[in-house]
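A.B. asks: Below is the structure I would like to discuss, written out as structure tokens.
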Amino acid sequence: KIMENKGVQKYVLLGLFLILLYVCYLLIKPFLTALIASFILAYILHPIYRRINKLLKKDYVSAIITTLLAIFIVIIPIVLVGHIIFKEATAMYENGVLQKAGAILENYIKNPEVMSYLTTNSMKVVEFISSVIGKMIMNLPGIIMSILVTIITTFYLLMNGEDFIKQVKKAIPFKHKDEFIENIGETTYSIVNGFFMIAVIEFIICVISFTILGIQGAFIWAAVAAFTSLLPLIGPFLLVFLPLAILSFINQDYVLLISLVVIYAAVAYVENV
């Protein structure tokens with residue numbers, strides 16, 4: 001009976017632990033993206049934090065300086081770019097850019113099935129843009145809160161990162177804990193310095209080039225190019241350069257067409273370096 005009671009208690013405690021774990025997940029769910037971003041930021045900034053801390057010998061001050069660097073170098077530029085993309089998306093939606101593009105294509109594409117496909121999908125894009133704009137306006141307090149969570153968590157991880165890793169190691173229930181943590185670190189490093197750095201470089205190339213060429217919604221096109229560069233089966237060619245090339249060809253803007261070919265060659269070179 002004593003053994004049976006112990007067995008029941010074990011399962012009850014496990015059940016309570018799982019319920020508590022689920023409740024914790026529900027609590028952090030709205031800020032899950034912000035927490036992941038702060039972990040990545042803290043990992044990237046940790047070498048800078050260590051160098052500053054070697055000079056100052058004060059963990060708290062070093063963490064504040066490193067977090068401020070993150071705010072000015074990473075967070076503020078992302079917020080500004082997001083604001084510009086939001087303005088461009090709103091302007092494109094209000095000016096009916098996609099509808100105008102559809103009207104231009106209608107003069108050249110005589111196949112009703114192809115035209116129906118393009119019209120349907122362009123309407124879906126319009127609906128998607130309008131829904132994103134609406135959600136961003138409604139969720140503005142949540143976005144501000146997520147930014148604050150990212151900043152505070154990054155600061156905490158910079159200051160207490162090593163202690164946090166030690167606690168994680170204790171909680172890991174299997175052997176080779178050091179190798180496991182090291183593999184996670186190497187994977188994170190390769191993802192950040194590989195895929196994300198390529199996406200950032202492609203965004204910069206595209207936004208500068210598209211702005212110089214006078215392409216409407218330059219930041220949106222550049223953001224799509226950067227995002228699709230993370231998707232190996234799609235890439236920026238199908239969703240950015242091909243549509244722009246078709247529209248420039250229809251408008252007989254051959255200078256723009258050649259420029260797009262050159263820009264895509266530069267983007268492809270970055271991806272293959």
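Chain labels follow the order of the structure tokens: the first chain is A, the next B, and so on; residue numbering restarts at 1 in every chain, and ligands are counted from 1 in their shown order.
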Would you pick out the contacts of Arg50 in chain A at 12 Å or less, using only C-alpha atoms, so that residues sharing its chain but fewer than 5 positions from it are not included, and give the list as a ChimeraX atom specification?

C.D. replies: /A:42-45,55-63,65-66,158-159,161-162

A.B. asks: Can you pull out the residues contacting range 226-237 of chain A? Cut-off 6 Å, using only C-alpha atoms, and skip same-chain residues under 3 positions away; I want them as a PDB file with all heavy atoms, in the first residue's frame.

C.D. replies:
```
ATOM      1  N   ALA A 199      20.264  37.543 -45.313  1.00  0.00           N
ATOM      2  CA  ALA A 199      18.978  38.239 -45.472  1.00  0.00           C
ATOM      3  C   ALA A 199      19.134  39.740 -45.255  1.00  0.00           C
ATOM      4  O   ALA A 199      18.567  40.546 -46.002  1.00  0.00           O
ATOM      5  CB  ALA A 199      17.951  37.663 -44.494  1.00  0.00           C
ATOM      6  N   GLU A 202      21.015  41.245 -48.255  1.00  0.00           N
ATOM      7  CA  GLU A 202      20.109  41.306 -49.415  1.00  0.00           C
ATOM      8  C   GLU A 202      19.092  42.433 -49.251  1.00  0.00           C
ATOM      9  O   GLU A 202      18.763  43.131 -50.225  1.00  0.00           O
ATOM     10  CB  GLU A 202      19.394  39.972 -49.598  1.00  0.00           C
ATOM     11  CG  GLU A 202      20.297  38.889 -50.160  1.00  0.00           C
ATOM     12  CD  GLU A 202      19.542  37.646 -50.564  1.00  0.00           C
ATOM     13  OE1 GLU A 202      18.298  37.707 -50.664  1.00  0.00           O
ATOM     14  OE2 GLU A 202      20.187  36.606 -50.771  1.00  0.00           O
ATOM     15  N   PHE A 203      18.594  42.608 -48.037  1.00  0.00           N
ATOM     16  CA  PHE A 203      17.642  43.699 -47.784  1.00  0.00           C
ATOM     17  C   PHE A 203      18.287  45.049 -48.080  1.00  0.00           C
ATOM     18  O   PHE A 203      17.679  45.902 -48.737  1.00  0.00           O
ATOM     19  CB  PHE A 203      17.155  43.648 -46.337  1.00  0.00           C
ATOM     20  CG  PHE A 203      16.260  44.797 -45.960  1.00  0.00           C
ATOM     21  CD1 PHE A 203      14.924  44.776 -46.302  1.00  0.00           C
ATOM     22  CD2 PHE A 203      16.758  45.907 -45.290  1.00  0.00           C
ATOM     23  CE1 PHE A 203      14.090  45.842 -45.974  1.00  0.00           C
ATOM     24  CE2 PHE A 203      15.944  46.972 -44.958  1.00  0.00           C
ATOM     25  CZ  PHE A 203      14.604  46.934 -45.299  1.00  0.00           C
ATOM     26  N   ALA A 223      11.960  43.823 -48.198  1.00  0.00           N
ATOM     27  CA  ALA A 223      11.632  42.958 -47.051  1.00  0.00           C
ATOM     28  C   ALA A 223      11.202  41.577 -47.532  1.00  0.00           C
ATOM     29  O   ALA A 223      11.590  40.556 -46.942  1.00  0.00           O
ATOM     30  CB  ALA A 223      10.527  43.603 -46.217  1.00  0.00           C
ATOM     31  N   VAL A 240       9.773  38.500 -56.142  1.00  0.00           N
ATOM     32  CA  VAL A 240      10.210  39.902 -56.217  1.00  0.00           C
ATOM     33  C   VAL A 240      10.688  40.263 -57.620  1.00  0.00           C
ATOM     34  O   VAL A 240      10.088  41.096 -58.300  1.00  0.00           O
ATOM     35  CB  VAL A 240      11.326  40.196 -55.179  1.00  0.00           C
ATOM     36  CG1 VAL A 240      11.829  41.633 -55.312  1.00  0.00           C
ATOM     37  CG2 VAL A 240      10.811  39.955 -53.767  1.00  0.00           C
ATOM     38  N   PHE A 241      11.766  39.636 -58.047  1.00  0.00           N
ATOM     39  CA  PHE A 241      12.417  40.067 -59.295  1.00  0.00           C
ATOM     40  C   PHE A 241      11.620  39.705 -60.546  1.00  0.00           C
ATOM     41  O   PHE A 241      11.579  40.488 -61.498  1.00  0.00           O
ATOM     42  CB  PHE A 241      13.841  39.493 -59.370  1.00  0.00           C
ATOM     43  CG  PHE A 241      14.780  40.143 -58.403  1.00  0.00           C
ATOM     44  CD1 PHE A 241      15.012  39.580 -57.155  1.00  0.00           C
ATOM     45  CD2 PHE A 241      15.409  41.339 -58.710  1.00  0.00           C
ATOM     46  CE1 PHE A 241      15.862  40.203 -56.250  1.00  0.00           C
ATOM     47  CE2 PHE A 241      16.263  41.959 -57.812  1.00  0.00           C
ATOM     48  CZ  PHE A 241      16.487  41.379 -56.578  1.00  0.00           C
ATOM     49  N   LEU A 242      10.996  38.541 -60.557  1.00  0.00           N
ATOM     50  CA  LEU A 242      10.192  38.149 -61.728  1.00  0.00           C
ATOM     51  C   LEU A 242       8.983  39.061 -61.927  1.00  0.00           C
ATOM     52  O   LEU A 242       8.780  39.568 -63.043  1.00  0.00           O
ATOM     53  CB  LEU A 242       9.771  36.686 -61.608  1.00  0.00           C
ATOM     54  CG  LEU A 242       9.024  36.110 -62.823  1.00  0.00           C
ATOM     55  CD1 LEU A 242       9.893  36.182 -64.072  1.00  0.00           C
ATOM     56  CD2 LEU A 242       8.588  34.672 -62.550  1.00  0.00           C
TER      57      LEU A 242
END
```

A.B. asks: CA of Val23 in chain A and CA of Ile151 in chain A, how far apart in Å?

C.D. replies: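 Atom-to-atom, CA of Ile151 in chain A and CA of Val23 in chain A are spaced 23.9 Å apart.
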
A.B. asks: Would you mind telling me which residue in A:Asn139, A:Ala266, A:Ile85, A:Thr153 lies nearest to Val224 in chain A when using only C-alpha atoms?

C.D. replies: A:Ile85
